[in-house]
Number of protein chains: 2
Amino acid sequence: MSREQIALKSIHIVGVGLIGGSFALDIRTQYPQVQIFGIDENEAHLDEAIKLQLIHAKASYEDLSKAEMVILAIPVDAAILKLPTILESINDHALVMDVGSTKLPICRLVQDHPKRRNFLATHPIAGTEFSGPKAAMPKLYENKTLIISEVEKTAFKLQERALKLFSDLGMRIRYMNPEAHDKHIAYVSHLSHISSFMLGKTVMEKEKNERDIFDMAGSGFASTVRLAKSSPAMWSPIFKQNKENVIETLEEYIHNLTHFKTMMEQDDFEAIFDEMQNTNHIKDILNGIK
Amino acid sequence: MSREQIALKSIHIVGVGLIGGSFALDIRTQYPQVQIFGIDENEAHLDEAIKLQLIHAKASYEDLSKAEMVILAIPVDAAILKLPTILESINDHALVMDVGSTKLPICRLVQDHPKRRNFLATHPIAGTEFSGPKAAMPKLYENKTLIISEVEKTAFKLQERALKLFSDLGMRIRYMNPEAHDKHIAYVSHLSHISSFMLGKTVMEKEKNERDIFDMAGSGFASTVRLAKSSPAMWSPIFKQNKENVIETLEEYIHNLTHFKTMMEQDDFEAIFDEMQNTNHIKDILNGIK
């Protein structure tokens, strides 16, 4: 164990849901000496987080003056609203990290903040379609990718403290500027959620009699539509903050679907075969994803 | 064990891939006394099926005069071509069942066939994104739905023989006319495959550097794009045979995606929130799917 680890006495987690709660679980296992405090607007979630042994105790924003490390794990719209207050509350040696699915708006927000060097912008590529403290699970972050944006703007000692934590949780670190992050993640994450939500909507609209869906839908449908169970409170603000990139992915996706429809209308099933065969290559890419 | 089961001495499976091979595996376990013959245009697949202990021996279409039960598990375009030959080869007491993902074209094809009463049109809602004999897996059909179309057109004794088999494999039987089957399955299965293929295509087109996808894509993307690994040889003919229904689902899906894009362009994220919340209801439907 490094000196840094032993030195760390507490972590404050703002938002004790799936993401924050899962950090809490692994941190408790990894650093038994660290006291974990939870901050959440939802009092019932805090009580639940204590009961589920995610956090040791409740805290409030006022307590952050004593914080050493703060993980900000609330929806991205709320994160933007709370981050300035948090930065003003903390002392000069504290580290604040957000874990949101958009990086440009939050990086822009704090670019000229006097405490910019106390902030690290991160995005762990991990999660499930569930939310709230009950959704927290151990080892959610093991072997998962963590994107860090603008690492150079964070104080060197605080970078080190963060990297140690993420590496102890088993994560692979990648560095990316916020513009590139938001553009790429629109394709591999945000678009998947919309395609899934709209698939669910299309089928539900058609099949008024739910027993019919239930009986005829197999594991393939379940897999494709899984993300349509995701939390609107988490995802609506992500789409808003990444509006331009998401619209671009949607345009391309709609274009490709329309082209597929045209090939069908023209009875060009050879072209459809080729199109599917080319896309089969996704196998090689997916093989690397847990 | 019923008299019918003991009476059955052999089963011929045409197409020893994922679907036919998985039937072979469970039938071998369930009926150790039954001899399983494989017929396949791909000689290497037959050798593999013997090596993998899916089938006991190879057979040819000429051997079908001795068949008691034939399972036709080849792509739906090939099934249409082969079924008449098979019906002409079999004796009056044999049962032939197809297991394809479209039911109207095959039912129409044989509607006036002199051996119509020897045929049963079925669709087991089961599978994976893999194909070939290696993809065969035990208990693929357990607790899965089997749709049967036009059951009344099959000889009563042969209906009984089929139902006994499917029930012994643990399947839930549902009856549906071929028109309704093809319309409904377009929504819950065929559209999912296209949405997944086009999602894969959209992301691959954008992300020329595959390492970037690999690093940023998480389990959500993997789940949504899983079906894009499916076999074009199996799926292209399904889209062709179910062209009208599939085009209708695509139109509605594209309409919903376009509407989502419009809401984003108009900054109407409240409406987007509501839309997602309404679709969250898919949870209750999916809870029933294995």
# chains A, B, ... in the order shown; residues from 1 in each chain; ligands from 1
>>> interface_residues(of="chain B", to="chain A", cutoff="6 Å", atoms="only C-alpha atoms", output="PDB file with N, CA, C and O atoms, in the first residue's frame")
ATOM      1  N   ILE B 125     -39.002 -19.805 -30.670  1.00  0.00           N
ATOM      2  CA  ILE B 125     -38.407 -18.471 -30.430  1.00  0.00           C
ATOM      3  C   ILE B 125     -37.172 -18.686 -29.555  1.00  0.00           C
ATOM      4  O   ILE B 125     -37.208 -18.531 -28.330  1.00  0.00           O
ATOM      5  N   TYR B 187     -41.924  -7.279 -35.596  1.00  0.00           N
ATOM      6  CA  TYR B 187     -41.654  -6.282 -34.559  1.00  0.00           C
ATOM      7  C   TYR B 187     -40.663  -6.776 -33.515  1.00  0.00           C
ATOM      8  O   TYR B 187     -39.685  -6.105 -33.214  1.00  0.00           O
ATOM      9  N   VAL B 188     -40.924  -7.951 -32.963  1.00  0.00           N
ATOM     10  CA  VAL B 188     -40.113  -8.359 -31.807  1.00  0.00           C
ATOM     11  C   VAL B 188     -38.844  -9.100 -32.185  1.00  0.00           C
ATOM     12  O   VAL B 188     -38.005  -9.357 -31.338  1.00  0.00           O
ATOM     13  N   SER B 189     -38.680  -9.443 -33.453  1.00  0.00           N
ATOM     14  CA  SER B 189     -37.441 -10.136 -33.808  1.00  0.00           C
ATOM     15  C   SER B 189     -36.767  -9.526 -35.032  1.00  0.00           C
ATOM     16  O   SER B 189     -35.614  -9.123 -34.970  1.00  0.00           O
ATOM     17  N   SER B 192     -35.508  -5.911 -34.524  1.00  0.00           N
ATOM     18  CA  SER B 192     -34.351  -5.862 -33.605  1.00  0.00           C
ATOM     19  C   SER B 192     -33.059  -6.152 -34.335  1.00  0.00           C
ATOM     20  O   SER B 192     -32.017  -5.566 -34.039  1.00  0.00           O
ATOM     21  N   LYS B 201     -23.272  -0.718 -38.064  1.00  0.00           N
ATOM     22  CA  LYS B 201     -22.763  -0.055 -39.265  1.00  0.00           C
ATOM     23  C   LYS B 201     -22.455   1.425 -38.985  1.00  0.00           C
ATOM     24  O   LYS B 201     -21.395   1.936 -39.368  1.00  0.00           O
ATOM     25  N   THR B 202     -23.381   2.107 -38.334  1.00  0.00           N
ATOM     26  CA  THR B 202     -23.215   3.534 -38.068  1.00  0.00           C
ATOM     27  C   THR B 202     -21.951   3.800 -37.251  1.00  0.00           C
ATOM     28  O   THR B 202     -21.179   4.704 -37.552  1.00  0.00           O
ATOM     29  N   VAL B 203     -21.745   2.980 -36.228  1.00  0.00           N
ATOM     30  CA  VAL B 203     -20.582   3.195 -35.364  1.00  0.00           C
ATOM     31  C   VAL B 203     -19.293   2.840 -36.104  1.00  0.00           C
ATOM     32  O   VAL B 203     -18.304   3.564 -36.046  1.00  0.00           O
ATOM     33  N   PHE B 214     -13.247   0.049 -29.334  1.00  0.00           N
ATOM     34  CA  PHE B 214     -12.948  -0.979 -28.351  1.00  0.00           C
ATOM     35  C   PHE B 214     -12.809  -0.386 -26.957  1.00  0.00           C
ATOM     36  O   PHE B 214     -13.313  -0.932 -25.978  1.00  0.00           O
ATOM     37  N   ALA B 217     -16.413   1.538 -25.840  1.00  0.00           N
ATOM     38  CA  ALA B 217     -17.701   0.848 -25.848  1.00  0.00           C
ATOM     39  C   ALA B 217     -17.841   0.002 -24.592  1.00  0.00           C
ATOM     40  O   ALA B 217     -16.913  -0.692 -24.194  1.00  0.00           O
ATOM     41  N   GLY B 218     -18.989   0.071 -23.976  1.00  0.00           N
ATOM     42  CA  GLY B 218     -19.230  -0.696 -22.763  1.00  0.00           C
ATOM     43  C   GLY B 218     -20.226  -1.811 -23.001  1.00  0.00           C
ATOM     44  O   GLY B 218     -20.581  -2.120 -24.138  1.00  0.00           O
ATOM     45  N   PHE B 221     -23.469  -0.974 -25.157  1.00  0.00           N
ATOM     46  CA  PHE B 221     -23.302  -1.052 -26.603  1.00  0.00           C
ATOM     47  C   PHE B 221     -23.240  -2.518 -27.047  1.00  0.00           C
ATOM     48  O   PHE B 221     -23.890  -2.911 -28.024  1.00  0.00           O
ATOM     49  N   SER B 223     -24.526  -5.108 -25.785  1.00  0.00           N
ATOM     50  CA  SER B 223     -25.843  -5.732 -25.717  1.00  0.00           C
ATOM     51  C   SER B 223     -26.720  -5.290 -26.890  1.00  0.00           C
ATOM     52  O   SER B 223     -27.388  -6.103 -27.539  1.00  0.00           O
ATOM     53  N   THR B 224     -26.683  -3.996 -27.186  1.00  0.00           N
ATOM     54  CA  THR B 224     -27.559  -3.438 -28.210  1.00  0.00           C
ATOM     55  C   THR B 224     -27.143  -3.882 -29.608  1.00  0.00           C
ATOM     56  O   THR B 224     -27.964  -4.004 -30.513  1.00  0.00           O
ATOM     57  N   ALA B 228     -26.016  -7.923 -34.418  1.00  0.00           N
ATOM     58  CA  ALA B 228     -25.298  -7.599 -35.661  1.00  0.00           C
ATOM     59  C   ALA B 228     -24.231  -8.643 -35.974  1.00  0.00           C
ATOM     60  O   ALA B 228     -23.579  -8.574 -37.013  1.00  0.00           O
ATOM     61  N   LYS B 229     -24.053  -9.600 -35.081  1.00  0.00           N
ATOM     62  CA  LYS B 229     -23.137 -10.711 -35.350  1.00  0.00           C
ATOM     63  C   LYS B 229     -23.859 -11.846 -36.076  1.00  0.00           C
ATOM     64  O   LYS B 229     -23.242 -12.822 -36.466  1.00  0.00           O
ATOM     65  N   PRO B 232     -25.793 -13.519 -42.046  1.00  0.00           N
ATOM     66  CA  PRO B 232     -26.509 -12.929 -43.187  1.00  0.00           C
ATOM     67  C   PRO B 232     -27.215 -13.997 -44.031  1.00  0.00           C
ATOM     68  O   PRO B 232     -28.287 -13.737 -44.573  1.00  0.00           O
ATOM     69  N   SER B 236     -30.922 -12.621 -44.347  1.00  0.00           N
ATOM     70  CA  SER B 236     -31.324 -11.965 -45.584  1.00  0.00           C
ATOM     71  C   SER B 236     -32.597 -12.599 -46.175  1.00  0.00           C
ATOM     72  O   SER B 236     -33.540 -11.881 -46.538  1.00  0.00           O
ATOM     73  N   TYR B 253     -40.233   2.621 -36.985  1.00  0.00           N
ATOM     74  CA  TYR B 253     -39.015   2.835 -36.199  1.00  0.00           C
ATOM     75  C   TYR B 253     -38.324   4.130 -36.636  1.00  0.00           C
ATOM     76  O   TYR B 253     -37.947   4.964 -35.807  1.00  0.00           O
ATOM     77  N   PHE B 273     -37.863  13.247 -21.869  1.00  0.00           N
ATOM     78  CA  PHE B 273     -37.963  12.572 -20.576  1.00  0.00           C
ATOM     79  C   PHE B 273     -39.234  11.723 -20.516  1.00  0.00           C
ATOM     80  O   PHE B 273     -39.202  10.542 -20.166  1.00  0.00           O
ATOM     81  N   MET B 276     -39.125   8.613 -22.708  1.00  0.00           N
ATOM     82  CA  MET B 276     -38.313   7.543 -22.129  1.00  0.00           C
ATOM     83  C   MET B 276     -39.021   6.890 -20.954  1.00  0.00           C
ATOM     84  O   MET B 276     -38.982   5.674 -20.796  1.00  0.00           O
ATOM     85  N   GLN B 277     -39.680   7.735 -20.150  1.00  0.00           N
ATOM     86  CA  GLN B 277     -40.386   7.183 -19.001  1.00  0.00           C
ATOM     87  C   GLN B 277     -41.512   6.243 -19.433  1.00  0.00           C
ATOM     88  O   GLN B 277     -41.698   5.174 -18.846  1.00  0.00           O
ATOM     89  N   THR B 279     -41.549   4.505 -22.101  1.00  0.00           N
ATOM     90  CA  THR B 279     -40.950   3.295 -22.665  1.00  0.00           C
ATOM     91  C   THR B 279     -40.320   2.425 -21.580  1.00  0.00           C
ATOM     92  O   THR B 279     -40.171   1.219 -21.754  1.00  0.00           O
ATOM     93  N   ASN B 280     -39.982   3.035 -20.446  1.00  0.00           N
ATOM     94  CA  ASN B 280     -39.460   2.256 -19.312  1.00  0.00           C
ATOM     95  C   ASN B 280     -40.372   1.091 -18.937  1.00  0.00           C
ATOM     96  O   ASN B 280     -39.925   0.089 -18.376  1.00  0.00           O
ATOM     97  N   LYS B 283     -39.834  -2.711 -19.083  1.00  0.00           N
ATOM     98  CA  LYS B 283     -39.306  -3.533 -17.984  1.00  0.00           C
ATOM     99  C   LYS B 283     -40.239  -4.677 -17.631  1.00  0.00           C
ATOM    100  O   LYS B 283     -39.825  -5.815 -17.467  1.00  0.00           O
ATOM    101  N   ILE B 285     -42.526  -5.996 -19.342  1.00  0.00           N
ATOM    102  CA  ILE B 285     -42.661  -6.983 -20.409  1.00  0.00           C
ATOM    103  C   ILE B 285     -41.432  -7.875 -20.441  1.00  0.00           C
ATOM    104  O   ILE B 285     -41.534  -9.092 -20.547  1.00  0.00           O
TER     105      ILE B 285
END
>>> residues_around(residues="Ile238 of chain B", least_positions_apart="5", cutoff="8 Å", atoms="only C-alpha atoms", output="PyMOL selection string")
chain B and resi 75-77+101-102
>>> select_by_dssp(residues="segment 110-229 of chain A", states="alpha helix (DSSP H)", output="JSON, numbers by chain")
{"A": [156, 157, 158, 159, 160, 161, 162, 163, 164, 165, 166, 167, 168, 178, 179, 180, 181, 182, 183, 184, 185, 191, 192, 193, 194, 195, 196, 197, 198, 199, 200, 201, 202, 203, 204, 205, 206, 210, 211, 212, 213, 214, 215, 216, 219, 220, 221, 222, 223, 224]}
>>> select_by_dssp(residues="segment 16-150 of chain A", states="strand (DSSP E)", output="list in words")
Gln35, Ile36, Phe37, Gly38, Ile39, Ala57, Lys58, Met69, Val70, Ile71, Leu72, Leu95, Val96, Met97, Asp98, Phe119, Leu120, Ala121, Thr122, His123, Pro124, Thr145, Leu146, Ile147, Ile148 and Ser149 of chain A
>>> closest_residue(among="B:Ser131, B:Gln53, B:Thr122, B:Asn245", to="Met171 of chain B", atoms="only C-alpha atoms")
B:Thr122
>>> closest_residue(among="A:Ile106, A:Val16, A:Ala24, A:Ile86", to="Glu48 of chain A", atoms="only C-alpha atoms")
A:Val16
>>> atom_distance(atom1="atom CA of Leu18 of chain A", atom2="atom CA of Pro32 of chain A")
20.6 Å
>>> residues_around(residues="Leu165 of chain B", least_positions_apart="4", cutoff="10 Å", atoms="only C-alpha atoms", output="PyMOL selection string")
chain B and resi 4-5+27+30-31+160-161+169-171
>>> closest_residue(among="A:Ser89, A:Asn177, A:Asn242, A:Ser60", to="Lys115 of chain A", atoms="only C-alpha atoms")
A:Ser89
>>> residues_around(residues="Lys103 of chain A", least_positions_apart="4", cutoff="7 Å", atoms="only C-alpha atoms", output="MDAnalysis selection string")
chainID A and resid 107 121 178 181:182
>>> write_last_selection(atoms="N, CA, C and O atoms", output="PDB file, in the first residue's frame")
ATOM      1  N   CYS A 107     -16.225  20.591 -18.289  1.00  0.00           N
ATOM      2  CA  CYS A 107     -14.873  21.150 -18.407  1.00  0.00           C
ATOM      3  C   CYS A 107     -14.929  22.643 -18.735  1.00  0.00           C
ATOM      4  O   CYS A 107     -14.154  23.439 -18.216  1.00  0.00           O
ATOM      5  N   ALA A 121     -11.892  15.618 -14.456  1.00  0.00           N
ATOM      6  CA  ALA A 121     -13.068  15.206 -15.235  1.00  0.00           C
ATOM      7  C   ALA A 121     -12.876  13.755 -15.678  1.00  0.00           C
ATOM      8  O   ALA A 121     -11.939  13.450 -16.403  1.00  0.00           O
ATOM      9  N   PRO A 178     -12.062  16.611 -24.060  1.00  0.00           N
ATOM     10  CA  PRO A 178     -13.519  16.549 -23.863  1.00  0.00           C
ATOM     11  C   PRO A 178     -14.301  16.546 -25.169  1.00  0.00           C
ATOM     12  O   PRO A 178     -15.337  15.869 -25.263  1.00  0.00           O
ATOM     13  N   HIS A 181     -14.063  13.041 -26.585  1.00  0.00           N
ATOM     14  CA  HIS A 181     -14.859  12.144 -25.733  1.00  0.00           C
ATOM     15  C   HIS A 181     -16.339  12.243 -26.070  1.00  0.00           C
ATOM     16  O   HIS A 181     -17.015  11.230 -26.298  1.00  0.00           O
ATOM     17  N   ASP A 182     -16.842  13.474 -26.115  1.00  0.00           N
ATOM     18  CA  ASP A 182     -18.286  13.646 -26.301  1.00  0.00           C
ATOM     19  C   ASP A 182     -18.729  13.187 -27.691  1.00  0.00           C
ATOM     20  O   ASP A 182     -19.835  12.656 -27.862  1.00  0.00           O
TER      21      ASP A 182
END
>>> residues_around(residues="Leu95 of chain B", least_positions_apart="2", cutoff="7 Å", atoms="only C-alpha atoms", output="PyMOL selection string")
chain B and resi 68-70+93+97+118-119+158
>>> closest_residue(among="A:Ala57, A:Leu8, A:Ala180, A:Leu25", to="Lys139 of chain A", atoms="only C-alpha atoms")
A:Leu25
>>> residues_around(residues="Lys51 of chain B", least_positions_apart="5", cutoff="12 Å", atoms="only C-alpha atoms", output="PDB file with N, CA, C and O atoms, in the first residue's frame")
ATOM      1  N   GLY B  21     -28.932 -28.446 -34.781  1.00  0.00           N
ATOM      2  CA  GLY B  21     -27.970 -29.091 -33.877  1.00  0.00           C
ATOM      3  C   GLY B  21     -28.428 -29.055 -32.428  1.00  0.00           C
ATOM      4  O   GLY B  21     -28.230 -30.020 -31.676  1.00  0.00           O
ATOM      5  N   ALA B  44     -18.738 -30.805 -44.500  1.00  0.00           N
ATOM      6  CA  ALA B  44     -17.885 -30.529 -43.335  1.00  0.00           C
ATOM      7  C   ALA B  44     -18.733 -30.327 -42.077  1.00  0.00           C
ATOM      8  O   ALA B  44     -18.359 -30.752 -40.973  1.00  0.00           O
ATOM      9  N   HIS B  45     -19.896 -29.714 -42.260  1.00  0.00           N
ATOM     10  CA  HIS B  45     -20.801 -29.516 -41.120  1.00  0.00           C
ATOM     11  C   HIS B  45     -21.318 -30.856 -40.601  1.00  0.00           C
ATOM     12  O   HIS B  45     -21.466 -31.057 -39.397  1.00  0.00           O
ATOM     13  N   LEU B  46     -21.594 -31.781 -41.532  1.00  0.00           N
ATOM     14  CA  LEU B  46     -22.056 -33.109 -41.119  1.00  0.00           C
ATOM     15  C   LEU B  46     -20.971 -33.825 -40.319  1.00  0.00           C
ATOM     16  O   LEU B  46     -21.243 -34.420 -39.269  1.00  0.00           O
ATOM     17  N   HIS B  56     -26.065 -39.072 -34.982  1.00  0.00           N
ATOM     18  CA  HIS B  56     -25.405 -40.381 -35.001  1.00  0.00           C
ATOM     19  C   HIS B  56     -24.766 -40.660 -36.346  1.00  0.00           C
ATOM     20  O   HIS B  56     -23.703 -41.268 -36.420  1.00  0.00           O
ATOM     21  N   ALA B  57     -25.464 -40.246 -37.428  1.00  0.00           N
ATOM     22  CA  ALA B  57     -24.958 -40.590 -38.762  1.00  0.00           C
ATOM     23  C   ALA B  57     -25.477 -39.613 -39.808  1.00  0.00           C
ATOM     24  O   ALA B  57     -26.447 -38.878 -39.584  1.00  0.00           O
ATOM     25  N   LYS B  58     -24.806 -39.606 -40.961  1.00  0.00           N
ATOM     26  CA  LYS B  58     -25.254 -38.799 -42.092  1.00  0.00           C
ATOM     27  C   LYS B  58     -26.381 -39.518 -42.826  1.00  0.00           C
ATOM     28  O   LYS B  58     -26.466 -40.747 -42.804  1.00  0.00           O
ATOM     29  N   PRO B 133     -22.747 -25.926 -36.659  1.00  0.00           N
ATOM     30  CA  PRO B 133     -22.862 -27.002 -35.663  1.00  0.00           C
ATOM     31  C   PRO B 133     -22.235 -26.634 -34.321  1.00  0.00           C
ATOM     32  O   PRO B 133     -22.774 -26.972 -33.266  1.00  0.00           O
ATOM     33  N   LYS B 134     -21.138 -25.901 -34.363  1.00  0.00           N
ATOM     34  CA  LYS B 134     -20.456 -25.518 -33.108  1.00  0.00           C
ATOM     35  C   LYS B 134     -21.344 -24.641 -32.233  1.00  0.00           C
ATOM     36  O   LYS B 134     -21.149 -24.563 -31.018  1.00  0.00           O
TER      37      LYS B 134
END
>>> closest_residue(among="B:Glu179, B:Val14, B:Leu120, B:Ala136", to="Lys157 of chain B", atoms="only C-alpha atoms")
B:Leu120
>>> decode(residues="segment 225-275 of chain A", atoms="C-alpha atoms", output="short mmCIF file (atom, residue, chain, number, x, y, z; two decimals), in the first residue's frame")
data_model
loop_
_atom_site.label_atom_id
_atom_site.label_comp_id
_atom_site.auth_asym_id
_atom_site.auth_seq_id
_atom_site.Cartn_x
_atom_site.Cartn_y
_atom_site.Cartn_z
CA VAL A 225 -34.06 -3.34 -25.96
CA ARG A 226 -32.33 -3.70 -22.58
CA LEU A 227 -31.14 -0.10 -22.43
CA ALA A 228 -34.73 1.12 -22.77
CA LYS A 229 -35.03 0.33 -19.06
CA SER A 230 -32.51 3.08 -18.27
CA SER A 231 -33.32 6.07 -16.07
CA PRO A 232 -34.82 9.07 -17.93
CA ALA A 233 -33.54 11.34 -15.14
CA MET A 234 -30.00 10.28 -15.94
CA TRP A 235 -30.28 10.13 -19.74
CA SER A 236 -32.40 13.12 -20.71
CA PRO A 237 -29.74 15.59 -19.41
CA ILE A 238 -26.98 13.64 -21.18
CA PHE A 239 -28.79 14.01 -24.51
CA LYS A 240 -29.29 17.70 -23.76
CA GLN A 241 -25.63 18.32 -22.94
CA ASN A 242 -24.40 16.36 -25.94
CA LYS A 243 -27.14 17.58 -28.26
CA GLU A 244 -25.10 18.32 -31.39
CA ASN A 245 -23.12 15.10 -31.39
CA VAL A 246 -26.16 12.98 -30.61
CA ILE A 247 -28.19 14.59 -33.41
CA GLU A 248 -25.34 13.83 -35.80
CA THR A 249 -25.30 10.14 -34.82
CA LEU A 250 -29.10 10.01 -35.12
CA GLU A 251 -28.95 11.47 -38.62
CA GLU A 252 -26.45 8.85 -39.72
CA TYR A 253 -28.37 6.05 -38.04
CA ILE A 254 -31.66 7.15 -39.65
CA HIS A 255 -29.85 7.45 -43.00
CA ASN A 256 -28.55 3.88 -42.73
CA LEU A 257 -31.97 2.53 -41.73
CA THR A 258 -33.62 4.38 -44.60
CA HIS A 259 -31.06 2.98 -47.00
CA PHE A 260 -31.77 -0.52 -45.68
CA LYS A 261 -35.49 0.05 -46.24
CA THR A 262 -34.82 1.25 -49.79
CA MET A 263 -32.78 -1.85 -50.56
CA MET A 264 -35.68 -3.95 -49.31
CA GLU A 265 -38.20 -2.00 -51.40
CA GLN A 266 -35.97 -2.56 -54.43
CA ASP A 267 -35.71 -6.28 -53.64
CA ASP A 268 -31.94 -5.94 -53.53
CA PHE A 269 -31.36 -8.71 -51.01
CA GLU A 270 -27.87 -9.34 -52.29
CA ALA A 271 -26.90 -5.85 -51.23
CA ILE A 272 -28.60 -6.49 -47.88
CA PHE A 273 -26.58 -9.68 -47.51
CA ASP A 274 -23.35 -7.78 -48.23
CA GLU A 275 -24.28 -5.01 -45.84
#
